[in-house]
Amino acid sequence: MSKYGMVMDLDRCIGCNACVIACKVEHNTPMDIHFTKILEREIGTYPDASRQFLPVMCNHCDDAPCIDVCPTKATYARDKDGIVLIDWDKCIGCGGCILACPYDQRFPVADNRTVFPAHGTDYKSPVVERAPSGVTAKCDFCYHRIDAGKEPACVEACPTNARIFGEVKSEKMANIIGRKHAFTLLPDKGAKPSVYYVG
Amino acid sequence: MLDEPQDKDTKTADAWVPSVCMGCYNCCGIKIRRSGGKIADVIGDPAAPNSKGHICAKGKARFLDLHDPKRLLKPMRRGNPNKGVGVDPQWQEISWDEALTEIAGRLKKIRAEDPRKLVIAHFDIPAYGISKAFGTAFGTPNMHWNRADYCGAAPHVAHLLLNGSFNGEVDFEKCNYMILWGTQLGALAETIPLHTAEVMADARARGARTVVIDPFCSNAAAKANQWVPLRPGTDGMLALAMLNVVCNELGTYDVDFLKNKTNSPYLIQDDGHYKRDLATNKPMVWDVAAGQAKPFDAAGVGDVALDGEYLVDNTLVRPAFAVLKKHLLQYTPEDAERITTVPAATVRQVARDFVAAAQIGSTITIDGHVLPFRPAAIHFKRGSGAHKGGSHTTMAIHLLNLMVGNLDVPGGQRGVNPIGPFWEPTADEDGMLVPAQYITKYYKPYPPRTPKIPETLDLNELFPSSLFTRGMFAWAIREPEKFGITYQPEMLLHCRTNLMMNSHNPEAMGGVLKKIKFQVSFATFVDETTEFADIVLPDSHDYERWDLFPANDPYAFIAPGPGEWYWLMRQAAVNPPGEARPWTNVYLDLAERIGILDELYKVGNSSWNIAERHKLDPTKHHTVKDIAERQAKSLLGDDFDVNSLKDTACMITRKKTTREAYPRAFMNMRVPIYLEHLIDTGEKLKVVTDKLGLRWDFKPYTPLLTYFACHSHEHTKEDPFDLFIVNFKVPFITFSVTSENLWIDELSRANPYTHNVMINRATAERKGIRDGDRILIESAISKGEGFVKVTELIHPECLGIPSTLGHWARAYSISKHKGTGFNNFLPAPDVEHIDTLSGQTDSCTRVRVSVLSSKDH
């Protein structure tokens, strides 16, 4: 089985949020739900201060706690590539996975209307199914794009190529992960994330 | 109507339509997804070198604007004769025919009386061609009132003088040490943003070091190795102190470059003028071997002197470089520390690191050419230039580049395409660089023009060494008699520039707009400036229109340095909704109605780079698309088919030559370290201002670069206005434009800074201000409010106000009253608040703050 992952090159990320909007457009998520975000923080004290940008999203973990806790087996890892997905026919929106996710990357969809709902705007004939109301949603690694031979929308948009996507064991990814001393977020949670950070 | 034929079949079939983005002014190549006849997505065009398949947040989000229910779909007439900030115009729908009949009637009357009474205001760069032809055919010089001067009335002049080009950049591929001075190049807030973001990230990965000089730790500063905060508006002092360190303390500069590519060896008399050869009138240099002065271009001039004092024709003279060096002694790092707050040790360290990184004397061989290699560069823009002393400041910064000889050579700072496939800079009789008109675009700052009593409302006649002076429109319209202007503007054609938000205090600007009897605005959304219109016409989104070709003017929008010449065509992806029409088409309609369409075409024939065989027939109708096709065929060849743009709208003609990529070594003209022409220019100008009885500031009309403090720096300890406001761009917002977008608004609300105002932690503690407090912000002329973000990321004497926010337009539903408007606090232009050399308006203003309510209560 192959396993897809992503590397976030923090030296390259400029905090421009192109990825956040690209994801938003791709998934047409309801207001204020973003499957990927750029977290910001300040470091140091003036004048020796700076700020850091940290792109975050579902880590598509090997040992995903969200899969373990799901009472309806709605959350699953796709056999062929390990992408963690949610079957919305099965999801009952109980929120157990939201609590279980160490990365705070699962979002309850209370109302799935998106842009200009009062005017019935349907800006997109969806390539990917929009999350219905009453379920949990999250980054799906743009599986529909991957299946079509494309990269995730956030990767395509990123002006600085700060996001690198591919099979974790591929030469391209293994090289970056090994050479640049990649780390994962909250390794002590034991979820074995597939999103790596360098820089 | 001179609209494109509406082709329902081709405009509704599902497709990716390649075109050009207008989310800012940069013209990135995009592909627009049309699905079910509607726009469903947009991506970067992988075939366009200025996007390479990437796209920014604003470019991606803005297709939502096509779906926004507040889109203006019909012409409207004002029902309320009263105009003012927040006044309801009481719109009433009218027909296009009624609207155009009235507008044409008024235009005819004005044209018969005095065509200068028409003013055209917009910041729609690809529409300049049409609007300029319309204005020229009509007979008005009052065109293109906008805030292009906001970014660079001063910095662009420095680039034109030293690079022979409108804009500047850095050789990211080879540069090892970059200083970004009041700019966020590489952080999606500047020119050719997708390209520079990528190549700058590559440079960081390669180990290039970056220093950012800025009162706020911007996104660009976040990626820098060193952030140097300074007191706003004191950039000139810092630059001059660094020049002093380079020239007098380190004594390390590129002697060959100074001698051969600058006016450093030109001999200067005591009166400040060049010592000219009595026979040829050429500036003279001191030939060291011959021991005599000779015209700079005389045959057989050997090594020339940069130092010393010589007697020529009984006149004591010194090389310009020696004069400058002595002049710089007054700018000590210690004084700089006192004025800028940058420690003297840091001033020396940055100057030293920059000079060391430049590797003066080294060469590199490219395609068989041995070229200077100077892998250090300084890039500067609005942050350093938008001040009272903006011209001198940006020239002083740029002189640091000049000192190491890095201009337009591998590794260094570079102008944006000073030489191109059909343009070349030249040298004047003094051997000085004169940029090509095609790449200057507006007025050439050199050679200076002859000053005279103004006839135009941008007052360019009073700024003979400027590029553009658009910030002056508001002043001239407010007080025309002051400048000897004998007419009052009566009609404004306005589109795509929100003067009420992007200039200065809105009450003052509102007063200016009210003075113009009849305002026609074209709008997709009715913004704050459109609220002053008498008739508003529904404009197309740029996804719904064609534009003249190329959309990406090479003076700023083709990446400089090695690479390819690429030319982008904007094409319509869908038809405009309702009765909306591209405003460029309406120009053609109006021209026909008032009988100047043939004249407009004739002007176009001489200014649109149309080959003889494709010239327009003034007796016929030509649509924008037709004209664009003729322009494209002229540039690309007759095989070009405008209907063939299916995969990409980016046409690559060829690879740049080494000469085009690294032009300096191939350029035989000199650039100034000493602005001799300003002496005479200032004297001539004084004759004019005396005639007008106008109080003017002649201090910048001096050949030696000097630090001029902003008006706001003249204050006493008792002055209650104790904080400078500083402004910075946010990578996902363009001007006042893209914030009215649901997705961008989500980003803004989630971002810790965008909708807030920033105060340094120590300052906040001293004032008893806490994070989240709502504060009152007062300047001498205005009041506003903001929510405080307490931060370590800002100079302690500053209040940071991001972007151009705080909309109040009645129709706005998303961004209304969010964020704080920086420009609201700025005074209207007057002699105290402008750079009288470039026309740059000063952004330095002081405010005081007080807590209105605390989050805890």
# chains A, B, ... in the order shown; residues from 1 in each chain; ligands from 1
call {"tool": "interface_residues", "arguments": {"of": "chain A", "to": "chain B", "cutoff": "7 Å", "atoms": "only C-alpha atoms", "output": "list in words"}}
result
Arg12, Ile14, Gly15, Cys16, Asn17, Ala18, Ile21, Ala22, Asp32, Thr45, Tyr46, Ala49, Ser50, Arg51, Gln52, His119, Thr121, Tyr123, Lys124, Ser125, Glu156, Ala157, Cys158, Pro159, Thr160 and Asn161 of chain A
call {"tool": "closest_atom_pairs", "arguments": {"of": "range 47-99 of chain A", "to": "range 135-154 of chain A", "cutoff": "10 Å", "atoms": "only C-alpha atoms", "output": "tab-separated table"}}
result
residue	atom	partner	partner_atom	distance
A:Met57	CA	A:Cys139	CA	6.5
A:Cys58	CA	A:Cys139	CA	5.5
A:Asn59	CA	A:Cys139	CA	8.7
A:His60	CA	A:Phe141	CA	8.2
A:Ala74	CA	A:Thr136	CA	9.8
A:Thr75	CA	A:Thr136	CA	9.6
A:Arg78	CA	A:Tyr143	CA	9.6
A:Asp81	CA	A:Tyr143	CA	9.6
A:Ile83	CA	A:Phe141	CA	6.9
A:Val84	CA	A:Asp140	CA	6.7
A:Leu85	CA	A:Asp140	CA	5.8
A:Ile86	CA	A:Ala137	CA	7.2
A:Asp87	CA	A:Val135	CA	9.5
A:Trp88	CA	A:Val135	CA	6.6
A:Asp89	CA	A:Val135	CA	9.1
A:Lys90	CA	A:Val135	CA	9.1
A:Cys91	CA	A:Val135	CA	5.8
A:Ile92	CA	A:Val135	CA	6.0
A:Gly93	CA	A:Val135	CA	4.1
A:Cys94	CA	A:Val135	CA	7.9
A:Gly95	CA	A:Thr136	CA	7.0
A:Gly96	CA	A:Thr136	CA	9.6
A:Cys97	CA	A:Thr136	CA	8.3
A:Ile98	CA	A:Thr136	CA	7.9
call {"tool": "write_last_selection", "arguments": {"atoms": "C-alpha atoms", "output": "PDB file, in the first residue's frame"}}
result
ATOM      1  CA  MET A  57      -4.392  20.468   8.352  1.00  0.00           C
ATOM      2  CA  CYS A  58      -5.497  16.879   8.929  1.00  0.00           C
ATOM      3  CA  ASN A  59      -2.359  14.822   9.393  1.00  0.00           C
ATOM      4  CA  HIS A  60      -3.819  11.699   7.798  1.00  0.00           C
ATOM      5  CA  ALA A  74     -17.667   6.621   9.193  1.00  0.00           C
ATOM      6  CA  THR A  75     -14.036   7.652   9.422  1.00  0.00           C
ATOM      7  CA  ARG A  78      -8.549   4.530   2.226  1.00  0.00           C
ATOM      8  CA  ASP A  81      -3.174   5.218  -0.098  1.00  0.00           C
ATOM      9  CA  ILE A  83      -5.980   8.945   3.053  1.00  0.00           C
ATOM     10  CA  VAL A  84      -8.256   9.382   6.051  1.00  0.00           C
ATOM     11  CA  LEU A  85     -11.781  10.075   4.856  1.00  0.00           C
ATOM     12  CA  ILE A  86     -15.256  10.426   6.313  1.00  0.00           C
ATOM     13  CA  ASP A  87     -18.238   8.605   4.869  1.00  0.00           C
ATOM     14  CA  TRP A  88     -20.974  11.156   5.393  1.00  0.00           C
ATOM     15  CA  ASP A  89     -23.669   8.537   4.865  1.00  0.00           C
ATOM     16  CA  LYS A  90     -22.433   6.932   8.060  1.00  0.00           C
ATOM     17  CA  CYS A  91     -21.370   9.983  10.051  1.00  0.00           C
ATOM     18  CA  ILE A  92     -23.859  10.972  12.725  1.00  0.00           C
ATOM     19  CA  GLY A  93     -21.990  14.099  13.752  1.00  0.00           C
ATOM     20  CA  CYS A  94     -21.454  12.870  17.303  1.00  0.00           C
ATOM     21  CA  GLY A  95     -18.201  14.822  17.565  1.00  0.00           C
ATOM     22  CA  GLY A  96     -16.184  12.029  19.190  1.00  0.00           C
ATOM     23  CA  CYS A  97     -13.526  12.352  16.527  1.00  0.00           C
ATOM     24  CA  ILE A  98     -13.346  16.090  17.069  1.00  0.00           C
TER      25      ILE A  98
END
call {"tool": "atom_distance", "arguments": {"atom1": "CA of Ser133 in chain A", "atom2": "CA of Glu26 in chain A"}}
result
17.8 Å
call {"tool": "atom_distance", "arguments": {"atom1": "CA of Lys615 in chain B", "atom2": "CA of Arg630 in chain B"}}
result
7.5 Å
call {"tool": "atom_distance", "arguments": {"atom1": "CA of Arg318 in chain B", "atom2": "CA of Lys294 in chain B"}}
result
13.5 Å
call {"tool": "select_by_dssp", "arguments": {"residues": "range 84-140 of chain A", "states": "strand (DSSP E or B)", "output": "list in words"}}
result
Val84, Leu85, Ile86, Phe107, Pro108, Val109, Val135, Thr136 and Ala137 of chain A
call {"tool": "select_by_dssp", "arguments": {"residues": "range 62-166 of chain A", "states": "helix (DSSP H, G or I)", "output": "list in words"}}
result
Pro65, Cys66, Ile67, Asp68, Val69, Gly96, Cys97, Ile98, Leu99, Ala100, Pro117, Ala118, His119, Tyr143, His144, Arg145, Ile146, Asp147, Ala153, Cys154, Val155, Glu156 and Ala157 of chain A
call {"tool": "residues_around", "arguments": {"residues": "range 664-680 of chain B", "least_positions_apart": "3", "cutoff": "6 Å", "atoms": "only C-alpha atoms", "output": "list of chain:residue names"}}
result
B:Leu162, B:Lys261, B:Thr262, B:Asn263, B:Asp408, B:Ala427, B:Gly431, B:Met432, B:Leu433, B:Glu683, B:Tyr701, B:Thr702, B:Pro703, B:Leu704
call {"tool": "closest_residue", "arguments": {"among": "B:Arg77, B:His807, B:Lys117, B:Arg106", "to": "Thr456 in chain B", "atoms": "only C-alpha atoms"}}
result
B:Lys117
call {"tool": "closest_residue", "arguments": {"among": "B:Tyr446, B:Tyr25, B:Phe532, B:Phe373", "to": "Asn498 in chain B", "atoms": "only C-alpha atoms"}}
result
B:Phe532
call {"tool": "closest_residue", "arguments": {"among": "B:Ala559, B:Val85, B:Ala351, B:Cys495", "to": "Arg810 in chain B", "atoms": "only C-alpha atoms"}}
result
B:Val85
call {"tool": "residues_around", "arguments": {"residues": "Pro421 in chain B", "least_positions_apart": "5", "cutoff": "12 Å", "atoms": "only C-alpha atoms", "output": "mmCIF file with C-alpha atoms, in the first residue's frame"}}
result
data_model
loop_
_atom_site.group_PDB
_atom_site.id
_atom_site.type_symbol
_atom_site.label_atom_id
_atom_site.label_comp_id
_atom_site.auth_asym_id
_atom_site.auth_seq_id
_atom_site.Cartn_x
_atom_site.Cartn_y
_atom_site.Cartn_z
ATOM 1 C CA ALA B 436 13.124 54.751 -22.896
ATOM 2 C CA TYR B 438 8.056 52.906 -23.469
ATOM 3 C CA ILE B 439 9.437 51.829 -20.108
ATOM 4 C CA PRO B 554 6.835 45.359 -19.499
ATOM 5 C CA GLU B 564 11.611 35.050 -21.485
ATOM 6 C CA TRP B 565 9.604 37.830 -23.007
ATOM 7 C CA TYR B 566 6.008 36.932 -22.264
ATOM 8 C CA LEU B 635 3.941 42.036 -31.807
ATOM 9 C CA LEU B 636 3.530 38.308 -32.338
ATOM 10 C CA THR B 653 8.189 35.277 -27.955
ATOM 11 C CA ARG B 654 11.767 34.433 -27.115
ATOM 12 C CA LYS B 655 14.435 34.096 -24.465
ATOM 13 C CA LYS B 656 16.008 37.315 -23.284
ATOM 14 C CA THR B 657 19.503 38.045 -24.478
ATOM 15 C CA ARG B 659 22.239 42.186 -22.783
ATOM 16 C CA GLU B 660 18.542 42.412 -21.944
ATOM 17 C CA ALA B 661 18.917 40.301 -18.815
#
call {"tool": "residues_around", "arguments": {"residues": "Gln92 in chain B", "least_positions_apart": "4", "cutoff": "12 Å", "atoms": "only C-alpha atoms", "output": "PDB file with N, CA and C atoms, in the first residue's frame"}}
result
ATOM      1  N   LYS B  74     -27.680  47.627 -13.259  1.00  0.00           N
ATOM      2  CA  LYS B  74     -28.357  48.608 -14.116  1.00  0.00           C
ATOM      3  C   LYS B  74     -27.798  50.000 -13.855  1.00  0.00           C
ATOM      4  N   PRO B  75     -27.853  50.877 -14.870  1.00  0.00           N
ATOM      5  CA  PRO B  75     -27.452  52.264 -14.624  1.00  0.00           C
ATOM      6  C   PRO B  75     -28.378  52.910 -13.600  1.00  0.00           C
ATOM      7  N   MET B  76     -27.838  53.821 -12.838  1.00  0.00           N
ATOM      8  CA  MET B  76     -28.648  54.495 -11.827  1.00  0.00           C
ATOM      9  C   MET B  76     -28.310  55.987 -11.827  1.00  0.00           C
ATOM     10  N   ARG B  77     -29.326  56.743 -11.456  1.00  0.00           N
ATOM     11  CA  ARG B  77     -29.141  58.181 -11.328  1.00  0.00           C
ATOM     12  C   ARG B  77     -29.341  58.559  -9.864  1.00  0.00           C
ATOM     13  N   ARG B  78     -28.577  59.523  -9.452  1.00  0.00           N
ATOM     14  CA  ARG B  78     -28.677  60.017  -8.086  1.00  0.00           C
ATOM     15  C   ARG B  78     -30.010  60.733  -7.884  1.00  0.00           C
ATOM     16  N   GLY B  79     -30.690  60.428  -6.789  1.00  0.00           N
ATOM     17  CA  GLY B  79     -31.932  61.118  -6.493  1.00  0.00           C
ATOM     18  C   GLY B  79     -31.732  62.234  -5.489  1.00  0.00           C
ATOM     19  N   ASN B  80     -30.685  62.105  -4.694  1.00  0.00           N
ATOM     20  CA  ASN B  80     -30.423  63.081  -3.638  1.00  0.00           C
ATOM     21  C   ASN B  80     -29.356  64.069  -4.103  1.00  0.00           C
ATOM     22  N   ASP B  88     -27.028  59.114   1.710  1.00  0.00           N
ATOM     23  CA  ASP B  88     -27.693  58.178   0.815  1.00  0.00           C
ATOM     24  C   ASP B  88     -27.925  58.845  -0.546  1.00  0.00           C
ATOM     25  N   ALA B  99     -28.868  57.340 -19.792  1.00  0.00           N
ATOM     26  CA  ALA B  99     -27.604  57.691 -19.127  1.00  0.00           C
ATOM     27  C   ALA B  99     -26.583  58.222 -20.134  1.00  0.00           C
ATOM     28  N   ASP B 534     -23.198  61.143  -9.859  1.00  0.00           N
ATOM     29  CA  ASP B 534     -24.521  61.590 -10.297  1.00  0.00           C
ATOM     30  C   ASP B 534     -25.176  60.518 -11.154  1.00  0.00           C
ATOM     31  N   ILE B 535     -24.354  59.857 -11.945  1.00  0.00           N
ATOM     32  CA  ILE B 535     -24.835  58.678 -12.667  1.00  0.00           C
ATOM     33  C   ILE B 535     -23.812  57.576 -12.445  1.00  0.00           C
ATOM     34  N   VAL B 536     -24.308  56.391 -12.122  1.00  0.00           N
ATOM     35  CA  VAL B 536     -23.400  55.253 -11.988  1.00  0.00           C
ATOM     36  C   VAL B 536     -23.794  54.196 -13.009  1.00  0.00           C
ATOM     37  N   LEU B 537     -22.780  53.689 -13.703  1.00  0.00           N
ATOM     38  CA  LEU B 537     -23.005  52.708 -14.770  1.00  0.00           C
ATOM     39  C   LEU B 537     -22.434  51.362 -14.341  1.00  0.00           C
TER      40      LEU B 537
END
